[in-house]
$ cat model-v3.tsv   # TSV, C-alpha atoms and all ligand atoms
chain	number	residue	atom	x	y	z
A	1	MET	CA	0.00	0.00	0.00
A	2	ARG	CA	1.07	3.55	-0.61
A	3	ILE	CA	0.28	5.64	2.44
A	4	ILE	CA	0.73	9.22	3.62
A	5	LYS	CA	3.95	10.18	5.34
A	6	TYR	CA	3.70	11.64	8.80
A	7	VAL	CA	5.43	15.01	8.59
A	8	PHE	CA	6.47	16.39	5.26
A	9	PHE	CA	6.46	19.83	3.75
A	10	LEU	CA	6.69	20.98	0.19
A	11	ILE	CA	8.02	24.17	-1.28
A	12	VAL	CA	5.76	25.15	-4.11
A	13	SER	CA	6.01	27.60	-6.91
A	14	GLY	CA	3.28	28.18	-9.45
A	15	VAL	CA	4.32	28.10	-13.10
A	16	GLY	CA	2.39	28.92	-16.24
A	17	PHE	CA	0.47	26.19	-18.01
A	18	SER	CA	-1.39	26.78	-21.22
A	19	ALA	CA	-4.25	24.27	-21.34
A	20	GLU	CA	-7.53	25.66	-20.10
A	21	ASN	CA	-8.69	22.58	-18.23
A	22	PHE	CA	-5.34	21.71	-16.68
A	23	GLY	CA	-2.75	23.39	-14.50
A	24	ASN	CA	0.54	22.58	-12.84
A	25	PHE	CA	2.86	23.49	-10.04
A	26	ILE	CA	6.34	22.49	-9.03
A	27	TYR	CA	7.40	21.46	-5.59
A	28	TYR	CA	10.66	20.44	-4.00
A	29	ASP	CA	10.65	17.45	-1.71
A	30	SER	CA	12.71	17.04	1.46
A	31	GLN	CA	15.73	15.99	-0.64
A	32	ALA	CA	15.32	19.15	-2.77
A	33	ARG	CA	14.22	17.12	-5.79
A	34	ALA	CA	11.97	19.17	-8.08
A	35	LYS	CA	8.73	17.50	-9.07
A	36	GLU	CA	5.99	18.76	-11.34
A	37	ILE	CA	2.38	18.07	-10.46
A	38	ILE	CA	-0.08	18.38	-13.34
A	39	TYR	CA	-3.71	18.57	-12.34
A	40	GLU	CA	-7.14	18.73	-13.93
A	41	LYS	CA	-9.43	21.62	-13.04
A	42	GLU	CA	-12.79	20.23	-11.99
A	43	ASP	CA	-15.60	22.07	-10.26
A	44	GLY	CA	-13.27	24.52	-8.49
A	45	PHE	CA	-10.71	21.92	-7.41
A	46	ALA	CA	-7.33	20.67	-8.65
A	47	VAL	CA	-7.65	16.91	-9.21
A	48	VAL	CA	-4.91	14.33	-9.88
A	49	GLU	CA	-5.18	10.64	-10.76
A	50	GLY	CA	-8.85	11.06	-11.64
A	51	ASP	CA	-10.26	11.29	-8.13
A	52	ILE	CA	-7.69	12.78	-5.75
A	53	LEU	CA	-8.40	16.36	-4.68
A	54	VAL	CA	-5.19	18.36	-4.22
A	55	LYS	CA	-6.37	21.86	-3.39
A	56	LYS	CA	-9.08	24.35	-4.19
A	57	LEU	CA	-8.11	26.27	-7.33
A	58	SER	CA	-8.59	29.51	-5.41
A	59	GLN	CA	-5.93	28.33	-2.91
A	60	ILE	CA	-3.45	27.46	-5.66
A	61	ASP	CA	-3.86	30.93	-7.18
A	62	LYS	CA	-2.81	32.40	-3.84
A	63	ILE	CA	0.41	30.38	-3.52
A	64	PRO	CA	3.35	32.76	-3.97
A	65	ARG	CA	6.25	31.72	-6.18
A	66	ALA	CA	8.06	30.11	-3.28
A	67	ALA	CA	6.16	29.04	-0.22
A	68	ILE	CA	6.08	26.21	2.22
A	69	ILE	CA	2.73	24.52	2.28
A	70	ARG	CA	1.31	21.47	3.93
A	71	GLN	CA	2.05	18.23	2.14
A	72	ILE	CA	-0.49	17.14	-0.46
A	73	GLY	CA	-1.22	13.98	1.46
A	74	GLY	CA	-2.52	15.15	4.84
A	75	GLU	CA	-2.17	13.63	8.28
A	76	ARG	CA	-3.61	10.62	10.04
A	77	TRP	CA	-6.84	10.99	12.02
A	78	VAL	CA	-6.18	11.13	15.75
A	79	ASN	CA	-6.94	7.76	17.37
A	80	GLY	CA	-8.39	6.58	14.06
A	81	GLU	CA	-11.55	8.62	14.76
A	82	VAL	CA	-13.01	10.22	11.65
A	83	PRO	CA	-15.78	12.76	12.34
A	84	TYR	CA	-18.16	13.39	9.46
A	85	LYS	CA	-21.23	15.29	8.32
A	86	PHE	CA	-23.58	14.70	5.44
A	87	GLY	CA	-24.23	17.58	3.05
A	88	ASP	CA	-26.81	17.43	0.29
A	89	LEU	CA	-26.61	13.68	-0.42
A	90	SER	CA	-29.53	11.65	-1.75
A	91	GLU	CA	-30.76	8.83	0.49
A	92	GLU	CA	-29.21	6.34	-1.95
A	93	ASN	CA	-25.79	7.99	-1.72
A	94	LYS	CA	-26.06	8.43	2.04
A	95	ASN	CA	-26.65	4.67	2.33
A	96	ALA	CA	-23.70	3.97	0.03
A	97	VAL	CA	-21.42	6.05	2.27
A	98	LEU	CA	-22.80	4.48	5.46
A	99	ASN	CA	-22.22	1.01	3.99
A	100	ALA	CA	-18.69	2.04	3.02
A	101	MET	CA	-17.99	3.31	6.54
A	102	HIS	CA	-19.29	0.04	7.92
A	103	LEU	CA	-16.77	-1.89	5.78
A	104	TRP	CA	-13.79	0.06	7.15
A	105	GLU	CA	-15.16	0.15	10.69
A	106	THR	CA	-15.79	-3.59	11.00
A	107	GLN	CA	-12.44	-4.63	9.48
A	108	THR	CA	-10.03	-2.00	10.85
A	109	VAL	CA	-9.57	0.27	13.89
A	110	ILE	CA	-11.13	3.27	12.09
A	111	LYS	CA	-14.23	4.71	13.78
A	112	PHE	CA	-16.59	7.21	12.15
A	113	ILE	CA	-18.32	9.75	14.37
A	114	GLU	CA	-21.33	11.68	13.12
A	115	ILE	CA	-21.15	15.34	14.09
A	116	THR	CA	-24.17	16.68	15.96
A	117	THR	CA	-24.87	20.09	17.46
A	118	GLU	CA	-23.95	18.62	20.86
A	119	ASN	CA	-20.53	17.19	19.93
A	120	ALA	CA	-19.47	19.58	17.13
A	121	HIS	CA	-17.16	21.62	19.38
A	122	ASN	CA	-14.99	18.52	19.93
A	123	TYR	CA	-14.37	17.93	16.23
A	124	PRO	CA	-12.92	20.88	14.30
A	125	ASP	CA	-11.56	18.52	11.60
A	126	TYR	CA	-14.12	16.44	9.73
A	127	LEU	CA	-15.26	15.01	6.41
A	128	LEU	CA	-18.21	16.64	4.68
A	129	PHE	CA	-19.83	14.33	2.12
A	130	VAL	CA	-21.42	16.36	-0.68
A	131	SER	CA	-23.09	15.33	-3.91
A	132	PHE	CA	-21.26	15.88	-7.19
A	133	ASN	CA	-23.06	16.14	-10.48
A	134	GLY	CA	-20.24	14.51	-12.48
A	135	LYS	CA	-19.13	10.96	-13.16
A	136	ASN	CA	-16.33	10.54	-10.59
A	137	SER	CA	-16.45	10.71	-6.83
A	138	SER	CA	-13.29	12.26	-5.35
A	139	SER	CA	-11.47	12.89	-2.09
A	140	PHE	CA	-8.37	14.44	-0.56
A	141	VAL	CA	-5.72	12.04	0.77
A	142	GLY	CA	-5.39	12.04	4.58
A	143	LYS	CA	-6.67	14.57	7.11
A	144	GLN	CA	-6.32	18.10	5.74
A	145	GLY	CA	-7.61	20.02	8.77
A	146	GLY	CA	-10.93	21.84	9.11
A	147	GLU	CA	-13.87	20.95	6.91
A	148	GLN	CA	-12.77	18.49	4.25
A	149	ILE	CA	-14.97	17.78	1.23
A	150	VAL	CA	-15.58	14.27	-0.11
A	151	LYS	CA	-17.49	14.46	-3.39
A	152	ILE	CA	-19.95	11.66	-4.04
A	153	ALA	CA	-21.10	11.22	-7.65
A	154	ILE	CA	-24.67	10.37	-8.56
A	155	SER	CA	-25.51	6.69	-7.91
A	156	CYS	CA	-22.16	6.06	-6.22
A	157	LYS	CA	-21.75	2.40	-5.28
A	158	PRO	CA	-20.75	1.47	-1.71
A	159	PHE	CA	-17.32	0.18	-2.79
A	160	SER	CA	-16.63	3.34	-4.78
A	161	ALA	CA	-17.47	5.30	-1.63
A	162	ALA	CA	-15.16	2.94	0.31
A	163	HIS	CA	-12.38	3.75	-2.20
A	164	GLU	CA	-12.83	7.51	-1.59
A	165	ILE	CA	-12.87	6.95	2.17
A	166	GLY	CA	-9.64	4.95	1.68
A	167	HIS	CA	-8.09	8.14	0.28
A	168	ALA	CA	-9.50	10.26	3.12
A	169	ILE	CA	-7.94	7.98	5.75
A	170	GLY	CA	-4.54	8.16	4.06
A	171	LEU	CA	-4.22	5.74	1.12
A	172	TRP	CA	-2.87	6.76	-2.30
A	173	HIS	CA	-3.53	4.69	-5.42
A	174	GLU	CA	-1.64	1.40	-5.39
A	175	GLN	CA	-0.13	1.92	-8.85
A	176	SER	CA	1.50	5.19	-7.68
A	177	ARG	CA	4.01	3.19	-5.65
A	178	ALA	CA	7.69	3.76	-6.35
A	179	ASP	CA	8.12	0.08	-7.32
A	180	ARG	CA	5.05	-0.21	-9.57
A	181	ASP	CA	7.00	-0.86	-12.78
A	182	LYS	CA	8.09	-4.23	-11.37
A	183	TYR	CA	4.43	-5.24	-11.04
A	184	VAL	CA	2.45	-3.52	-13.78
A	185	THR	CA	3.13	-2.26	-17.29
A	186	ILE	CA	1.72	1.12	-18.29
A	187	LEU	CA	0.53	0.99	-21.92
A	188	TRP	CA	1.12	4.67	-22.71
A	189	ASP	CA	-0.10	4.41	-26.33
A	190	ASN	CA	-3.60	3.49	-25.15
A	191	ILE	CA	-3.96	6.38	-22.70
A	192	ASP	CA	-5.90	9.52	-23.60
A	193	GLU	CA	-3.23	12.18	-24.32
A	194	ASP	CA	-4.75	14.70	-21.91
A	195	TYR	CA	-4.73	12.24	-19.04
A	196	LYS	CA	-1.25	10.73	-19.22
A	197	PHE	CA	-0.32	12.82	-16.17
A	198	ASN	CA	-2.65	10.62	-14.14
A	199	PHE	CA	-0.07	7.83	-14.44
A	200	ASN	CA	2.77	9.92	-12.98
A	201	GLN	CA	4.13	8.58	-9.71
A	202	HIS	CA	4.18	11.06	-6.87
A	203	ILE	CA	7.22	9.48	-5.32
A	204	GLY	CA	7.95	12.33	-2.90
A	205	ASP	CA	4.62	12.42	-1.13
A	206	GLY	CA	4.06	8.91	0.12
A	207	GLN	CA	5.60	5.89	1.73
A	208	ASP	CA	5.19	2.33	0.47
A	209	LEU	CA	4.05	-0.18	3.02
A	210	LEU	CA	3.85	-3.97	2.62
A	211	GLU	CA	4.17	-5.64	-0.79
A	212	TYR	CA	2.54	-4.43	-4.01
A	213	ASP	CA	-1.14	-5.39	-3.87
A	214	TYR	CA	-2.89	-6.24	-7.14
A	215	ASP	CA	-6.03	-6.95	-5.12
A	216	SER	CA	-6.21	-3.49	-3.52
A	217	LEU	CA	-9.45	-1.52	-3.58
A	218	MET	CA	-7.11	1.43	-4.25
A	219	HIS	CA	-5.74	0.11	-7.57
A	220	TYR	CA	-6.71	1.64	-10.94
A	221	SER	CA	-8.74	-0.54	-13.28
A	222	ALA	CA	-6.97	-2.06	-16.29
A	223	TYR	CA	-8.84	0.37	-18.57
A	224	ALA	CA	-8.32	3.63	-16.63
A	225	PHE	CA	-8.21	6.68	-18.95
A	226	SER	CA	-8.21	4.51	-22.10
A	227	LYS	CA	-8.64	6.37	-25.38
A	228	ASN	CA	-9.37	3.30	-27.48
A	229	GLY	CA	-11.12	0.76	-25.25
A	230	GLN	CA	-7.89	-1.18	-24.78
A	231	GLN	CA	-6.04	-1.75	-21.53
A	232	THR	CA	-3.86	1.04	-20.16
A	233	ILE	CA	-2.34	-0.85	-17.27
A	234	THR	CA	-1.64	-4.56	-17.21
A	235	PRO	CA	-0.24	-6.77	-14.45
A	236	VAL	CA	3.19	-8.35	-14.98
A	237	ASN	CA	1.73	-11.42	-13.27
A	238	LYS	CA	-0.82	-12.64	-15.83
A	239	ASP	CA	-2.76	-14.67	-13.26
A	240	VAL	CA	-4.16	-11.69	-11.36
A	241	ASN	CA	-6.81	-9.02	-11.89
A	242	ILE	CA	-6.60	-5.36	-10.95
A	243	GLY	CA	-9.14	-2.67	-10.16
A	244	GLN	CA	-11.60	-4.73	-8.11
A	245	ARG	CA	-14.35	-2.79	-6.32
A	246	THR	CA	-15.89	-5.67	-4.37
A	247	HIS	CA	-13.92	-5.88	-1.11
A	248	LEU	CA	-11.20	-4.42	1.05
A	249	SER	CA	-8.10	-6.50	0.34
A	250	ASP	CA	-6.12	-8.12	3.14
A	251	LYS	CA	-3.34	-5.58	2.54
A	252	ASP	CA	-5.76	-2.60	2.46
A	253	ILE	CA	-6.85	-3.68	5.92
A	254	ALA	CA	-3.29	-4.41	7.10
A	255	ALA	CA	-2.02	-1.01	5.89
A	256	ILE	CA	-4.69	0.88	7.82
A	257	MET	CA	-4.03	-1.25	10.90
A	258	VAL	CA	-0.30	-0.45	10.73
A	259	MET	CA	-0.90	3.28	10.16
A	260	TYR	CA	-3.42	3.64	12.95
A	261	ALA	CA	-2.02	1.15	15.44
A	262	ARG	CA	0.84	3.62	15.84
A	263	SER	CA	-1.52	6.50	16.56
A	264	LEU	CA	-3.33	4.43	19.17
A	265	MET	CA	-0.17	3.75	21.17
A	301	ZN	ZN	-8.92	6.95	-6.15
$ encode --input "model-v3.tsv" --output "structure tokens" --more "lines below"
Ligand SMILES: [Zn+2]
Amino acid sequence: MRIIKYVFFLIVSGVGFSAENFGNFIYYDSQARAKEIIYEKEDGFAVVEGDILVKKLSQIDKIPRAAIIRQIGGERWVNGEVPYKFGDLSEENKNAVLNAMHLWETQTVIKFIEITTENAHNYPDYLLFVSFNGKNSSSFVGKQGGEQIVKIAISCKPFSAAHEIGHAIGLWHEQSRADRDKYVTILWDNIDEDYKFNFNQHIGDGQDLLEYDYDSLMHYSAYAFSKNGQQTITPVNKDVNIGQRTHLSDKDIAAIMVMYARSLM
């Protein structure tokens, strides 16, 4: 699993980018390695890898040419407790999110706490689930601090909601691991030109835990961002499938247990 690092800061400088629907910025990691992040502009947010929220576009516009900002991947939730509120979700989507929470709660140490008027003062940091009128649900990675949006697309399935919650509790996509090229082949010729950036590895902003997990709920599907209906990512091991959205894998569960066992000590 690829998980958030604990403490990590980035120095960011905004640079020009021509395409209307995309933008970029450059950051320097703790070893002063420059890294470019290309993002898609969607509904007021910068989005990478299809469903990972990076920042509000209005916040990126305010970043001066050199500034230290919080890491893109946020922090862990204290004691594994994740407070949440529902925004304008349909009953169907509310149930999908509740089912998704139940999956994580019954198989890991994560606990979700609904915010009420009585307990709100105890929980300044929380997830706010809101409906999104587009095709992809999306989420930030890790705890960002304050109110943190999770966008739930129309008719979101419980396991898609569980994938977004996986991001919110600190998991990156599995195929963003530093060692992914040993396990999967990226078929660049089949990827939509505009979306090739979604296959960049963000090596500076995560830490790889356990072995590569083809079975992860956090893995791209074999056809992610395909321009021609053919596979864009294929396992080196031909006996496995990728991109399942039917269960939390053993290593998804183990990664969260390792991350949050430490915070419980
Ligand atoms: Zn995702």
$ closest_atom_pairs --input "model-v3.tsv" --of "chain A" --to "ligand ZN 301 (chain A)" --cutoff "8 Å" --atoms "all atoms listed in the file" --output "CSV"
residue,atom,partner,partner_atom,distance
A:Glu49,CA,A:ZN301,ZN,7.0
A:Gly50,CA,A:ZN301,ZN,6.9
A:Asp51,CA,A:ZN301,ZN,5.0
A:Ile52,CA,A:ZN301,ZN,6.0
A:Ser138,CA,A:ZN301,ZN,6.9
A:Ser139,CA,A:ZN301,ZN,7.6
A:His163,CA,A:ZN301,ZN,6.1
A:Glu164,CA,A:ZN301,ZN,6.0
A:His167,CA,A:ZN301,ZN,6.6
A:Trp172,CA,A:ZN301,ZN,7.2
A:His173,CA,A:ZN301,ZN,5.9
A:Met218,CA,A:ZN301,ZN,6.1
A:His219,CA,A:ZN301,ZN,7.7
A:Tyr220,CA,A:ZN301,ZN,7.5
$ closest_residue --input "model-v3.tsv" --among "A:Ile165, A:Ile186, A:Val82, A:Ile149" --to "A:Gly44" --atoms "all atoms listed in the file"
A:Ile149
$ residues_around --input "model-v3.tsv" --residues "A:Leu103" --least-positions-apart "5" --cutoff "12 Å" --atoms "all atoms listed in the file" --output "list in words"
Ala96, Val97, Leu98, Thr108, Val109, Ile110, Lys111, Phe112, Pro158, Phe159, Ser160, Ala161, Ala162, His163, Ile165, Gly166, Leu217, Thr246, His247, Leu248, Ser249, Asp252 and Ile253 of chain A
$ write_last_selection --input "model-v3.tsv" --atoms "C-alpha atoms" --output "compact mmCIF listing (two decimals), in the coordinates of the input"
# COMPACT_ATOMS: atom_id res chain seq x y z
CA ALA A 96 -23.70 3.97 0.03
CA VAL A 97 -21.42 6.05 2.27
CA LEU A 98 -22.80 4.48 5.46
CA THR A 108 -10.03 -2.00 10.85
CA VAL A 109 -9.57 0.27 13.89
CA ILE A 110 -11.13 3.27 12.09
CA LYS A 111 -14.23 4.71 13.78
CA PHE A 112 -16.59 7.21 12.15
CA PRO A 158 -20.75 1.47 -1.71
CA PHE A 159 -17.32 0.18 -2.79
CA SER A 160 -16.63 3.34 -4.78
CA ALA A 161 -17.47 5.30 -1.63
CA ALA A 162 -15.16 2.94 0.31
CA HIS A 163 -12.38 3.75 -2.20
CA ILE A 165 -12.87 6.95 2.17
CA GLY A 166 -9.64 4.95 1.68
CA LEU A 217 -9.45 -1.52 -3.58
CA THR A 246 -15.89 -5.67 -4.37
CA HIS A 247 -13.92 -5.88 -1.11
CA LEU A 248 -11.20 -4.42 1.05
CA SER A 249 -8.10 -6.50 0.34
CA ASP A 252 -5.76 -2.60 2.46
CA ILE A 253 -6.85 -3.68 5.92
$ atom_distance --input "model-v3.tsv" --atom1 "atom CA of A:Ile113" --atom2 "atom CA of A:Lys55"
24.6 Å
$ closest_residue --input "model-v3.tsv" --among "A:Lys94, A:Arg177, A:His102, A:Lys143" --to "A:Asn200" --atoms "all atoms listed in the file"
A:Arg177
$ residues_around --input "model-v3.tsv" --residues "A:Gly170" --least-positions-apart "6" --cutoff "7 Å" --atoms "only C-alpha atoms" --output "ChimeraX atom specification"
/A:3-4,76,141-142
$ closest_residue --input "model-v3.tsv" --among "A:Met101, A:Lys41, A:Ser176, A:Asp125" --to "A:Ile60" --atoms "all atoms listed in the file"
A:Lys41
$ atom_distance --input "model-v3.tsv" --atom1 "atom CA of A:Ser131" --atom2 "atom CA of A:Ile152"
4.8 Å
$ closest_residue --input "model-v3.tsv" --among "A:Lys85, A:Lys151, A:Lys238, A:Arg180" --to "A:Val47" --atoms "all atoms listed in the file"
A:Lys151
$ atom_distance --input "model-v3.tsv" --atom1 "atom CA of A:Leu171" --atom2 "atom CA of A:Met1"
7.2 Å
$ closest_residue --input "model-v3.tsv" --among "A:Asn99, A:Phe129, A:Asn136, A:Gln107" --to "A:Lys251" --atoms "only C-alpha atoms"
A:Gln107
$ residues_around --input "model-v3.tsv" --residues "A:Ala178" --least-positions-apart "2" --cutoff "12 Å" --atoms "all atoms listed in the file" --output "list in words"
Met1, Arg2, Ile3, Trp172, His173, Glu174, Gln175, Ser176, Arg180, Asp181, Lys182, Tyr183, Val184, Phe199, Asn200, Gln201, His202, Ile203, Gly204, Asp205, Gly206, Gln207, Asp208, Leu209, Glu211 and Tyr212 of chain A
$ write_last_selection --input "model-v3.tsv" --atoms "C-alpha atoms" --output "PDB file, keeping the file's coordinate frame"
ATOM      1  CA  MET A   1       0.000   0.000   0.000  1.00  0.00           C
ATOM      2  CA  ARG A   2       1.070   3.550  -0.610  1.00  0.00           C
ATOM      3  CA  ILE A   3       0.280   5.640   2.440  1.00  0.00           C
ATOM      4  CA  TRP A 172      -2.870   6.760  -2.300  1.00  0.00           C
ATOM      5  CA  HIS A 173      -3.530   4.690  -5.420  1.00  0.00           C
ATOM      6  CA  GLU A 174      -1.640   1.400  -5.390  1.00  0.00           C
ATOM      7  CA  GLN A 175      -0.130   1.920  -8.850  1.00  0.00           C
ATOM      8  CA  SER A 176       1.500   5.190  -7.680  1.00  0.00           C
ATOM      9  CA  ARG A 180       5.050  -0.210  -9.570  1.00  0.00           C
ATOM     10  CA  ASP A 181       7.000  -0.860 -12.780  1.00  0.00           C
ATOM     11  CA  LYS A 182       8.090  -4.230 -11.370  1.00  0.00           C
ATOM     12  CA  TYR A 183       4.430  -5.240 -11.040  1.00  0.00           C
ATOM     13  CA  VAL A 184       2.450  -3.520 -13.780  1.00  0.00           C
ATOM     14  CA  PHE A 199      -0.070   7.830 -14.440  1.00  0.00           C
ATOM     15  CA  ASN A 200       2.770   9.920 -12.980  1.00  0.00           C
ATOM     16  CA  GLN A 201       4.130   8.580  -9.710  1.00  0.00           C
ATOM     17  CA  HIS A 202       4.180  11.060  -6.870  1.00  0.00           C
ATOM     18  CA  ILE A 203       7.220   9.480  -5.320  1.00  0.00           C
ATOM     19  CA  GLY A 204       7.950  12.330  -2.900  1.00  0.00           C
ATOM     20  CA  ASP A 205       4.620  12.420  -1.130  1.00  0.00           C
ATOM     21  CA  GLY A 206       4.060   8.910   0.120  1.00  0.00           C
ATOM     22  CA  GLN A 207       5.600   5.890   1.730  1.00  0.00           C
ATOM     23  CA  ASP A 208       5.190   2.330   0.470  1.00  0.00           C
ATOM     24  CA  LEU A 209       4.050  -0.180   3.020  1.00  0.00           C
ATOM     25  CA  GLU A 211       4.170  -5.640  -0.790  1.00  0.00           C
ATOM     26  CA  TYR A 212       2.540  -4.430  -4.010  1.00  0.00           C
TER      27      TYR A 212
END
$ residues_around --input "model-v3.tsv" --residues "A:Lys135" --least-positions-apart "5" --cutoff "10 Å" --atoms "only C-alpha atoms" --output "ChimeraX atom specification"
/A:152-156
$ closest_residue --input "model-v3.tsv" --among "A:Pro83, A:Phe132, A:Asn95, A:Asp189" --to "A:Ala120" --atoms "all atoms listed in the file"
A:Pro83
$ residues_around --input "model-v3.tsv" --residues "A:Asn241" --least-positions-apart "3" --cutoff "12 Å" --atoms "only C-alpha atoms" --output "list in words"
Tyr183, Val184, Asp213, Tyr214, Asp215, Ser216, Leu217, His219, Tyr220, Ser221, Ala222, Tyr223, Ile233, Thr234, Pro235, Val236, Asn237, Lys238, Gln244 and Arg245 of chain A
$ build_atoms --input "model-v3.tsv" --residues "stretch 210-228 of chain A" --atoms "N, CA, C and O atoms" --output "short mmCIF file (atom, residue, chain, number, x, y, z; two decimals), in the frame of the given file"
data_model
loop_
_atom_site.label_atom_id
_atom_site.label_comp_id
_atom_site.auth_asym_id
_atom_site.auth_seq_id
_atom_site.Cartn_x
_atom_site.Cartn_y
_atom_site.Cartn_z
N LEU A 210 4.18 -2.61 3.04
CA LEU A 210 3.85 -3.97 2.62
C LEU A 210 4.22 -4.18 1.15
O LEU A 210 4.81 -3.30 0.52
N GLU A 211 3.85 -5.36 0.61
CA GLU A 211 4.17 -5.64 -0.79
C GLU A 211 3.12 -5.05 -1.72
O GLU A 211 2.00 -4.76 -1.30
N TYR A 212 3.48 -4.92 -3.00
CA TYR A 212 2.54 -4.43 -4.01
C TYR A 212 1.28 -5.31 -3.97
O TYR A 212 1.36 -6.53 -3.89
N ASP A 213 0.12 -4.66 -4.06
CA ASP A 213 -1.14 -5.39 -3.87
C ASP A 213 -2.04 -5.24 -5.10
O ASP A 213 -2.74 -4.25 -5.25
N TYR A 214 -2.01 -6.26 -5.97
CA TYR A 214 -2.89 -6.24 -7.14
C TYR A 214 -4.36 -6.21 -6.73
O TYR A 214 -5.21 -5.71 -7.45
N ASP A 215 -4.64 -6.77 -5.57
CA ASP A 215 -6.03 -6.95 -5.12
C ASP A 215 -6.59 -5.71 -4.41
O ASP A 215 -7.74 -5.70 -3.98
N SER A 216 -5.78 -4.65 -4.31
CA SER A 216 -6.21 -3.49 -3.52
C SER A 216 -7.45 -2.81 -4.10
O SER A 216 -7.58 -2.66 -5.32
N LEU A 217 -8.32 -2.37 -3.20
CA LEU A 217 -9.45 -1.52 -3.58
C LEU A 217 -8.95 -0.19 -4.13
O LEU A 217 -9.68 0.54 -4.78
N MET A 218 -7.67 0.14 -3.87
CA MET A 218 -7.11 1.43 -4.25
C MET A 218 -6.33 1.35 -5.56
O MET A 218 -5.60 2.27 -5.91
N HIS A 219 -6.45 0.25 -6.29
CA HIS A 219 -5.74 0.11 -7.57
C HIS A 219 -6.62 0.61 -8.72
O HIS A 219 -7.82 0.41 -8.72
N TYR A 220 -6.00 1.27 -9.71
CA TYR A 220 -6.71 1.64 -10.94
C TYR A 220 -7.25 0.39 -11.62
O TYR A 220 -6.68 -0.69 -11.49
N SER A 221 -8.28 0.57 -12.43
CA SER A 221 -8.74 -0.54 -13.28
C SER A 221 -7.80 -0.66 -14.48
O SER A 221 -7.06 0.28 -14.81
N ALA A 222 -7.85 -1.80 -15.14
CA ALA A 222 -6.97 -2.06 -16.29
C ALA A 222 -7.26 -1.11 -17.45
O ALA A 222 -6.44 -0.96 -18.35
N TYR A 223 -8.43 -0.48 -17.44
CA TYR A 223 -8.84 0.37 -18.57
C TYR A 223 -8.88 1.86 -18.20
O TYR A 223 -9.47 2.66 -18.93
N ALA A 224 -8.25 2.24 -17.09
CA ALA A 224 -8.32 3.63 -16.63
C ALA A 224 -7.80 4.58 -17.71
O ALA A 224 -6.73 4.37 -18.27
N PHE A 225 -8.58 5.60 -18.01
CA PHE A 225 -8.21 6.68 -18.95
C PHE A 225 -7.84 6.16 -20.35
O PHE A 225 -7.02 6.74 -21.05
N SER A 226 -8.49 5.06 -20.77
CA SER A 226 -8.21 4.51 -22.10
C SER A 226 -8.82 5.41 -23.17
O SER A 226 -9.92 5.93 -23.01
N LYS A 227 -8.09 5.57 -24.28
CA LYS A 227 -8.64 6.37 -25.38
C LYS A 227 -9.23 5.49 -26.47
O LYS A 227 -9.88 5.97 -27.39
N ASN A 228 -8.99 4.17 -26.37
CA ASN A 228 -9.37 3.30 -27.48
C ASN A 228 -10.05 2.00 -27.02
O ASN A 228 -10.18 1.06 -27.80
#
